$ cat work_2.cif   # mmCIF, C-alpha atoms and all ligand atoms
data_model
loop_
_atom_site.label_atom_id
_atom_site.label_comp_id
_atom_site.auth_asym_id
_atom_site.auth_seq_id
_atom_site.Cartn_x
_atom_site.Cartn_y
_atom_site.Cartn_z
CA MET O 136 6.66 0.50 21.70
CA LYS O 137 8.24 -0.63 18.44
CA ILE O 138 8.41 2.30 16.03
CA ALA O 139 9.60 2.15 12.42
CA VAL O 140 10.59 5.49 10.95
CA ILE O 141 10.76 5.54 7.15
CA GLY O 142 13.33 8.19 6.34
CA THR O 143 16.40 9.38 8.21
CA GLY O 144 16.17 12.99 7.03
CA SER O 145 15.47 16.12 9.06
CA VAL O 146 12.11 14.93 10.40
CA GLY O 147 12.60 11.16 10.46
CA GLY O 148 16.02 11.48 12.06
CA THR O 149 14.74 13.90 14.71
CA LEU O 150 11.57 11.99 15.62
CA GLY O 151 13.33 8.63 15.65
CA ARG O 152 16.10 9.97 17.88
CA ARG O 153 13.66 11.57 20.31
CA TRP O 154 11.39 8.54 20.62
CA ALA O 155 14.41 6.24 21.08
CA GLU O 156 15.72 8.56 23.78
CA LEU O 157 12.29 8.41 25.43
CA GLY O 158 12.62 4.62 25.68
CA HIS O 159 10.94 3.33 22.54
CA SER O 160 12.52 0.78 20.24
CA VAL O 161 13.14 2.59 16.95
CA CYS O 162 14.08 1.03 13.63
CA PHE O 163 14.74 3.37 10.73
CA GLY O 164 13.52 1.91 7.46
CA VAL O 165 15.94 2.99 4.76
CA ARG O 166 16.61 2.27 1.12
CA ASP O 167 20.28 1.58 1.85
CA PRO O 168 21.07 0.22 5.34
CA ALA O 169 24.79 0.53 4.52
CA ASP O 170 24.52 4.29 3.98
CA ALA O 171 27.23 6.05 6.01
CA ASP O 172 25.08 9.05 7.00
CA ALA O 173 22.26 6.80 8.23
CA LYS O 174 24.74 4.71 10.23
CA ALA O 175 26.23 7.87 11.75
CA LEU O 176 22.76 9.09 12.76
CA VAL O 177 21.94 5.84 14.52
CA GLY O 178 25.38 5.68 16.14
CA LYS O 179 24.76 8.99 17.92
CA ILE O 180 21.37 8.05 19.38
CA LYS O 181 21.36 7.28 23.10
CA GLY O 182 18.70 4.60 23.06
CA ASP O 183 17.43 1.54 21.23
CA ALA O 184 17.81 2.52 17.56
CA ARG O 185 18.85 0.55 14.50
CA LEU O 186 18.66 0.53 10.71
CA ALA O 187 16.94 -1.94 8.40
CA GLY O 188 15.41 -2.13 4.97
CA VAL O 189 11.99 -0.49 4.79
CA SER O 190 9.93 -3.70 4.80
CA ASP O 191 11.99 -5.30 7.60
CA ALA O 192 11.60 -2.19 9.74
CA ALA O 193 7.85 -1.98 9.14
CA GLU O 194 7.18 -5.69 9.63
CA ASP O 195 8.38 -5.61 13.21
CA ALA O 196 6.72 -2.32 14.19
CA ASP O 197 3.50 -1.35 15.97
CA VAL O 198 3.79 2.20 14.65
CA VAL O 199 5.21 3.24 11.27
CA VAL O 200 6.14 6.87 10.67
CA LEU O 201 6.17 8.09 7.08
CA ALA O 202 8.87 10.80 6.92
CA THR O 203 9.61 10.94 3.22
CA PRO O 204 9.16 13.71 0.64
CA TYR O 205 5.48 13.70 -0.38
CA ALA O 206 6.41 12.66 -3.93
CA ALA O 207 8.14 9.57 -2.53
CA ASN O 208 5.17 8.43 -0.41
CA ALA O 209 3.82 5.92 -2.91
CA ALA O 210 7.21 4.27 -3.45
CA ALA O 211 7.97 4.22 0.27
CA ILE O 212 4.60 2.69 1.18
CA ALA O 213 4.91 0.12 -1.59
CA SER O 214 8.31 -0.92 -0.25
CA ALA O 215 6.98 -1.17 3.33
CA GLY O 216 5.01 -4.34 2.60
CA ASP O 217 1.92 -5.36 4.56
CA LEU O 218 0.85 -2.55 6.90
CA SER O 219 -2.41 -4.23 7.97
CA GLY O 220 -3.53 -3.01 11.39
CA LYS O 221 -0.43 -0.91 11.95
CA ILE O 222 -0.59 2.70 13.03
CA LEU O 223 0.83 4.79 10.18
CA ILE O 224 1.70 8.38 11.11
CA ASP O 225 1.91 10.60 8.05
CA VAL O 226 4.15 13.60 8.77
CA THR O 227 4.46 14.60 5.13
CA ASN O 228 3.25 17.83 3.60
CA PRO O 229 2.06 17.74 -0.03
CA ILE O 230 4.03 20.77 -1.08
CA GLY O 231 3.69 21.67 -4.75
CA ALA O 232 5.29 24.42 -6.81
CA ASN O 233 5.67 27.91 -5.31
CA PHE O 234 4.55 26.89 -1.82
CA THR O 235 1.18 25.68 -2.99
CA LEU O 236 -0.49 22.48 -1.83
CA ALA O 237 -0.37 19.67 -4.38
CA VAL O 238 -3.70 18.31 -3.06
CA GLY O 239 -6.49 19.77 -0.96
CA HIS O 240 -10.13 20.79 -0.52
CA THR O 241 -11.68 17.45 -1.49
CA THR O 242 -8.82 15.24 -0.29
CA SER O 243 -5.53 15.57 1.56
CA GLY O 244 -2.08 14.06 1.48
CA ALA O 245 -3.04 11.91 4.46
CA GLU O 246 -6.12 10.54 2.74
CA GLU O 247 -3.99 9.74 -0.29
CA VAL O 248 -1.63 7.88 2.05
CA ALA O 249 -4.64 5.96 3.40
CA ARG O 250 -5.56 5.00 -0.16
CA LEU O 251 -2.01 3.71 -0.68
CA ALA O 252 -2.13 1.76 2.60
CA PRO O 253 -5.82 0.85 2.93
CA ARG O 254 -5.38 -1.65 5.76
CA ALA O 255 -3.24 0.64 7.93
CA ARG O 256 -4.65 2.93 10.62
CA VAL O 257 -3.50 6.27 9.21
CA PHE O 258 -2.99 9.47 11.20
CA LYS O 259 -1.84 12.96 10.32
CA ALA O 260 0.50 14.47 12.88
CA MET O 261 3.91 16.11 13.29
CA ASN O 262 3.57 17.97 9.98
CA GLN O 263 2.79 21.34 11.58
CA VAL O 264 6.18 22.69 12.72
CA GLY O 265 9.76 22.51 11.55
CA PHE O 266 12.04 19.71 12.67
CA GLU O 267 13.99 22.03 14.98
CA VAL O 268 10.84 22.51 17.07
CA MET O 269 10.34 18.73 17.09
CA ALA O 270 13.90 18.45 18.44
CA ASN O 271 13.21 21.02 21.14
CA PRO O 272 9.57 21.99 21.74
CA THR O 273 10.34 23.92 24.94
CA PHE O 274 9.12 27.53 24.88
CA ALA O 275 8.87 29.90 27.84
CA ALA O 276 5.25 30.71 26.92
CA GLY O 277 4.05 27.10 27.03
CA LYS O 278 3.76 23.99 24.93
CA PRO O 279 3.34 24.22 21.17
CA VAL O 280 0.17 22.65 19.87
CA MET O 281 0.18 19.60 17.61
CA PHE O 282 -3.08 18.46 16.10
CA VAL O 283 -3.68 14.78 15.35
CA ALA O 284 -6.26 13.56 12.83
CA GLY O 285 -7.29 9.98 12.21
CA ASP O 286 -10.23 7.61 12.26
CA ASP O 287 -9.22 4.81 14.65
CA ALA O 288 -9.99 5.60 18.32
CA ALA O 289 -7.54 3.15 19.91
CA GLY O 290 -4.76 4.12 17.54
CA LYS O 291 -5.41 7.79 18.14
CA LYS O 292 -4.71 7.41 21.85
CA VAL O 293 -1.33 5.87 20.99
CA VAL O 294 -0.50 8.70 18.59
CA LEU O 295 -1.62 11.40 21.04
CA ASP O 296 0.58 9.82 23.73
CA LEU O 297 3.59 9.68 21.39
CA VAL O 298 3.11 13.33 20.42
CA SER O 299 2.58 14.43 24.05
CA ALA O 300 5.72 12.60 25.12
CA LEU O 301 7.72 14.75 22.72
CA GLY O 302 6.54 17.85 24.61
CA PHE O 303 3.59 19.01 22.51
CA ASP O 304 0.06 19.97 23.53
CA ALA O 305 -1.43 17.07 21.57
CA ILE O 306 -4.99 17.76 20.42
CA ASP O 307 -7.39 15.31 18.79
CA ALA O 308 -8.60 17.34 15.80
CA GLY O 309 -10.99 14.67 14.53
CA GLU O 310 -11.19 12.26 11.66
CA LEU O 311 -8.52 11.73 9.01
CA ALA O 312 -10.28 14.07 6.54
CA ILE O 313 -9.39 16.92 8.94
CA ALA O 314 -5.93 16.62 7.40
CA ARG O 315 -7.54 18.82 4.72
CA LEU O 316 -7.23 21.57 7.34
CA LEU O 317 -3.96 20.50 8.96
CA GLU O 318 -1.96 20.50 5.74
CA PRO O 319 -2.81 24.12 4.76
CA TYR O 320 -2.23 25.01 8.43
CA ALA O 321 1.29 23.59 8.08
CA MET O 322 1.73 25.72 4.97
CA LEU O 323 1.12 28.80 7.13
CA TRP O 324 4.11 27.83 9.31
CA ILE O 325 6.17 27.25 6.16
CA HIS O 326 5.04 30.58 4.67
CA LEU O 327 5.94 32.50 7.85
CA MET O 328 9.30 30.75 7.99
CA ALA O 329 10.27 31.08 4.34
CA ARG O 330 8.56 34.29 3.22
CA ARG O 331 8.00 36.38 6.34
CA ASN O 332 11.48 35.94 7.83
CA MET O 333 10.26 34.43 11.09
CA GLY O 334 13.10 31.92 11.27
CA ARG O 335 12.43 28.35 12.32
CA SER O 336 12.26 28.67 16.12
CA PHE O 337 8.57 29.36 16.50
CA ALA O 338 5.38 27.38 16.87
CA PHE O 339 1.67 27.92 17.41
CA ALA O 340 -0.08 27.33 20.75
CA LEU O 341 -3.68 26.78 21.83
CA LEU O 342 -4.92 29.15 24.56
CA ARG O 343 -7.81 28.13 26.81
CA ARG O 344 -9.93 30.04 29.31
CA GLN O 345 -10.84 28.18 32.51
CA SER O 346 -14.30 29.82 32.68
N1 LIG B 401 11.80 19.60 7.31
C1 LIG B 401 10.82 19.96 8.15
O1 LIG B 401 11.04 20.81 9.05
C2 LIG B 401 9.45 19.33 8.04
C3 LIG B 401 8.49 19.62 9.03
C4 LIG B 401 7.26 18.99 8.98
C5 LIG B 401 6.98 18.09 7.97
N2 LIG B 401 7.91 17.86 7.01
C6 LIG B 401 7.61 16.88 5.97
O2 LIG B 401 8.28 15.68 6.35
C7 LIG B 401 8.71 14.96 5.19
C8 LIG B 401 10.21 14.71 5.31
O3 LIG B 401 10.86 15.95 5.33
P1 LIG B 401 12.43 16.04 5.64
O4 LIG B 401 12.73 17.48 5.73
O5 LIG B 401 12.78 15.12 6.75
O6 LIG B 401 13.03 15.47 4.27
P2 LIG B 401 14.53 14.99 3.99
O7 LIG B 401 15.44 15.55 5.01
O8 LIG B 401 14.76 15.26 2.54
O9 LIG B 401 14.47 13.40 4.22
C9 LIG B 401 13.70 12.58 3.41
C10 LIG B 401 14.00 11.13 3.74
O10 LIG B 401 13.14 10.32 2.94
C11 LIG B 401 13.92 9.24 2.44
N3 LIG B 401 13.31 8.71 1.23
C12 LIG B 401 13.10 9.34 0.05
N4 LIG B 401 12.48 8.52 -0.81
C13 LIG B 401 12.29 7.35 -0.17
C14 LIG B 401 11.73 6.09 -0.53
N5 LIG B 401 11.17 5.89 -1.74
N6 LIG B 401 11.73 5.09 0.39
C15 LIG B 401 12.26 5.28 1.61
N7 LIG B 401 12.81 6.44 2.02
C16 LIG B 401 12.84 7.46 1.13
C17 LIG B 401 15.29 9.84 2.20
O11 LIG B 401 16.22 8.79 2.15
P3 LIG B 401 17.38 8.65 1.04
O12 LIG B 401 18.63 9.02 1.77
O13 LIG B 401 17.31 7.22 0.65
O14 LIG B 401 17.06 9.62 -0.08
C18 LIG B 401 15.43 10.70 3.43
O15 LIG B 401 15.93 9.95 4.53
C19 LIG B 401 8.33 15.82 3.98
O16 LIG B 401 7.15 15.30 3.42
C20 LIG B 401 8.10 17.21 4.58
O17 LIG B 401 7.12 17.94 3.85
C21 LIG B 401 9.14 18.45 7.02
#

$ encode --input "work_2.cif" --output "structure tokens" --more "lines below"
Ligand SMILES: NC(=O)c1ccc[n+]([C@@H]2O[C@H](COP(=O)([O-])OP(=O)(O)OC[C@H]3O[C@@H](n4cnc5c(N)ncnc54)[C@H](OP(=O)(O)O)[C@@H]3O)[C@@H](O)[C@H]2O)c1
Amino acid sequence: MKIAVIGTGSVGGTLGRRWAELGHSVCFGVRDPADADAKALVGKIKGDARLAGVSDAAEDADVVVLATPYAANAAAIASAGDLSGKILIDVTNPIGANFTLAVGHTTSGAEEVARLAPRARVFKAMNQVGFEVMANPTFAAGKPVMFVAGDDAAGKKVVLDLVSALGFDAIDAGELAIARLLEPYAMLWIHLMARRNMGRSFAFALLRRQS
């Protein structure tokens, strides 16, 4: 699958590397393709990975991953060009001042992304743990859970498969508006990490009874 990852930071760099190493063709969409750090990141990836401008990366992709600071989402989406029909995975968390959510209750960051990219098939996923867990989701107790929200059934199967391939228990949480739950849920992870001294090597899991 052709995946464009907008952003080469902690999350974009990690997800792009992992999906390239799993056999996908990854193009990082960056503001400056000559940036030395971005080149170094791509140079270390054992797989099909390259750098391009944001619109060039997105144009060629089936799946576009938005891995920018929430405040940069509008600019990043505007620079991505025509996203009609493309799967757009929003990993961003709308973090405001003092660990509050900048949006919520009646909308979500993901729904705001969908307003910015109205012809894309938008999903919320990969916003619910730190990037270190994305790099290595292996825990002795089982797979960490990762909820996926979005409206398009065919696109959701693709996103669930991409999330599962990373090593997560990928769960279809419902329509895109369920991001109104998934973003505060991510804030719980951030709160436990930053304010309850739990470090960054933890994740939540879903337990099921067979009967
Ligand atoms: N860090 C985590 O563990 C974690 C976990 C889950 C979700 N998230 C969410 O994921 C998102 C990314 O977090 P991060 O920690 O990866 O951030 P980061 O390390 O600061 O990386 C942000 C990336 O976005 C790029 N960027 C900024 N503005 C842009 C624009 N207008 N167009 C294109 N690219 C732009 C930056 O590129 P430049 O070099 O050009 O500035 C950089 O590569 C955030 O919304 C965060 O809330 C983070």

$ residues_near_ligand --input "work_2.cif" --ligand "ligand LIG 401 (chain B)" --cutoff "9 Å" --atoms "all atoms listed in the file" --output "PyMOL selection string"
chain O and resi 141-149+164-167+170+172-173+188-189+201-215+225-230+260-269+321+325+335

$ closest_atom_pairs --input "work_2.cif" --of "segment 142-232 of chain O" --to "segment 242-255 of chain O" --cutoff "6 Å" --atoms "all atoms listed in the file" --output "tab-separated table"
residue	atom	partner	partner_atom	distance
O:Leu218	CA	O:Ala255	CA	5.3
O:Ser219	CA	O:Arg254	CA	4.5
O:Gly220	CA	O:Ala255	CA	5.0
O:Lys221	CA	O:Ala255	CA	5.1
O:Pro229	CA	O:Gly244	CA	5.7

$ closest_residue --input "work_2.cif" --among "O:Val238, O:Asn233, O:Val283, O:Ala155" --to "Leu317 of chain O" --atoms "all atoms listed in the file"
O:Val283

$ atom_distance --input "work_2.cif" --atom1 "atom CA of Leu341 of chain O" --atom2 "atom CA of Asp304 of chain O"
8.0 Å

$ atom_distance --input "work_2.cif" --atom1 "atom CA of Asp183 of chain O" --atom2 "atom CA of Ser160 of chain O"
5.1 Å

$ closest_residue --input "work_2.cif" --among "O:Asp286, O:Glu318, O:Asp296, O:Asp197" --to "Ala237 of chain O" --atoms "all atoms listed in the file"
O:Glu318

$ closest_residue --input "work_2.cif" --among "O:Phe234, O:Phe339, O:Phe163, O:Phe274" --to "His326 of chain O" --atoms "all atoms listed in the file"
O:Phe234

$ atom_distance --input "work_2.cif" --atom1 "atom CA of Leu236 of chain O" --atom2 "atom CA of Phe282 of chain O"
18.6 Å

$ residues_near_point --input "work_2.cif" --point "(-4.9, 15.6, 21.8)" --cutoff "9 Å" --atoms "all atoms listed in the file" --output "PyMOL selection string"
chain O and resi 280-283+291-292+294-296+298-299+304-308

$ axis_aligned_box --input "work_2.cif" --around "segment 182-194 of chain O" --padding-each-side "8 Å" --output "JSON"
{"center_x": 13.0, "center_y": -0.5, "center_z": 13.9, "size_x": 27.7, "size_y": 26.3, "size_z": 34.3}

$ build_atoms --input "work_2.cif" --residues "segment 256-276 of chain O" --atoms "N, CA and C atoms" --output "PDB file, in the frame of the given file"
ATOM      1  N   ARG O 256      -3.878   1.927   9.875  1.00  0.00           N
ATOM      2  CA  ARG O 256      -4.650   2.930  10.620  1.00  0.00           C
ATOM      3  C   ARG O 256      -3.860   4.246  10.501  1.00  0.00           C
ATOM      4  N   VAL O 257      -4.309   5.109   9.601  1.00  0.00           N
ATOM      5  CA  VAL O 257      -3.500   6.270   9.210  1.00  0.00           C
ATOM      6  C   VAL O 257      -3.858   7.504  10.041  1.00  0.00           C
ATOM      7  N   PHE O 258      -2.829   8.228  10.436  1.00  0.00           N
ATOM      8  CA  PHE O 258      -2.990   9.470  11.200  1.00  0.00           C
ATOM      9  C   PHE O 258      -2.143  10.569  10.578  1.00  0.00           C
ATOM     10  N   LYS O 259      -2.644  11.775  10.668  1.00  0.00           N
ATOM     11  CA  LYS O 259      -1.840  12.960  10.320  1.00  0.00           C
ATOM     12  C   LYS O 259      -1.351  13.578  11.605  1.00  0.00           C
ATOM     13  N   ALA O 260      -0.073  13.804  11.703  1.00  0.00           N
ATOM     14  CA  ALA O 260       0.500  14.470  12.880  1.00  0.00           C
ATOM     15  C   ALA O 260       1.936  14.858  12.561  1.00  0.00           C
ATOM     16  N   MET O 261       2.500  15.713  13.352  1.00  0.00           N
ATOM     17  CA  MET O 261       3.910  16.110  13.290  1.00  0.00           C
ATOM     18  C   MET O 261       4.285  16.752  11.950  1.00  0.00           C
ATOM     19  N   ASN O 262       3.286  17.273  11.245  1.00  0.00           N
ATOM     20  CA  ASN O 262       3.570  17.970   9.980  1.00  0.00           C
ATOM     21  C   ASN O 262       3.504  19.484  10.165  1.00  0.00           C
ATOM     22  N   GLN O 263       3.232  19.951  11.405  1.00  0.00           N
ATOM     23  CA  GLN O 263       2.790  21.340  11.580  1.00  0.00           C
ATOM     24  C   GLN O 263       3.849  22.293  12.098  1.00  0.00           C
ATOM     25  N   VAL O 264       5.062  21.817  12.340  1.00  0.00           N
ATOM     26  CA  VAL O 264       6.180  22.690  12.720  1.00  0.00           C
ATOM     27  C   VAL O 264       7.445  22.147  12.068  1.00  0.00           C
ATOM     28  N   GLY O 265       8.486  22.956  12.077  1.00  0.00           N
ATOM     29  CA  GLY O 265       9.760  22.510  11.550  1.00  0.00           C
ATOM     30  C   GLY O 265      10.443  21.506  12.473  1.00  0.00           C
ATOM     31  N   PHE O 266      11.405  20.795  11.903  1.00  0.00           N
ATOM     32  CA  PHE O 266      12.040  19.710  12.670  1.00  0.00           C
ATOM     33  C   PHE O 266      12.803  20.228  13.879  1.00  0.00           C
ATOM     34  N   GLU O 267      13.255  21.482  13.826  1.00  0.00           N
ATOM     35  CA  GLU O 267      13.990  22.030  14.980  1.00  0.00           C
ATOM     36  C   GLU O 267      13.081  22.130  16.204  1.00  0.00           C
ATOM     37  N   VAL O 268      11.812  22.454  15.961  1.00  0.00           N
ATOM     38  CA  VAL O 268      10.840  22.510  17.070  1.00  0.00           C
ATOM     39  C   VAL O 268      10.536  21.099  17.561  1.00  0.00           C
ATOM     40  N   MET O 269      10.528  20.121  16.656  1.00  0.00           N
ATOM     41  CA  MET O 269      10.340  18.730  17.090  1.00  0.00           C
ATOM     42  C   MET O 269      11.518  18.301  17.980  1.00  0.00           C
ATOM     43  N   ALA O 270      12.718  18.792  17.644  1.00  0.00           N
ATOM     44  CA  ALA O 270      13.900  18.450  18.440  1.00  0.00           C
ATOM     45  C   ALA O 270      13.824  19.079  19.815  1.00  0.00           C
ATOM     46  N   ASN O 271      13.296  20.310  19.867  1.00  0.00           N
ATOM     47  CA  ASN O 271      13.210  21.020  21.140  1.00  0.00           C
ATOM     48  C   ASN O 271      11.933  21.853  21.186  1.00  0.00           C
ATOM     49  N   PRO O 272      10.847  21.272  21.705  1.00  0.00           N
ATOM     50  CA  PRO O 272       9.570  21.990  21.740  1.00  0.00           C
ATOM     51  C   PRO O 272       9.386  22.851  22.996  1.00  0.00           C
ATOM     52  N   THR O 273      10.465  23.147  23.699  1.00  0.00           N
ATOM     53  CA  THR O 273      10.340  23.920  24.940  1.00  0.00           C
ATOM     54  C   THR O 273      10.339  25.416  24.634  1.00  0.00           C
ATOM     55  N   PHE O 274       9.248  26.078  25.028  1.00  0.00           N
ATOM     56  CA  PHE O 274       9.120  27.530  24.880  1.00  0.00           C
ATOM     57  C   PHE O 274       8.696  28.097  26.227  1.00  0.00           C
ATOM     58  N   ALA O 275       9.205  29.287  26.540  1.00  0.00           N
ATOM     59  CA  ALA O 275       8.870  29.900  27.840  1.00  0.00           C
ATOM     60  C   ALA O 275       7.365  30.103  27.971  1.00  0.00           C
ATOM     61  N   ALA O 276       6.685  30.376  26.856  1.00  0.00           N
ATOM     62  CA  ALA O 276       5.250  30.710  26.920  1.00  0.00           C
ATOM     63  C   ALA O 276       4.354  29.490  27.069  1.00  0.00           C
TER      64      ALA O 276
END
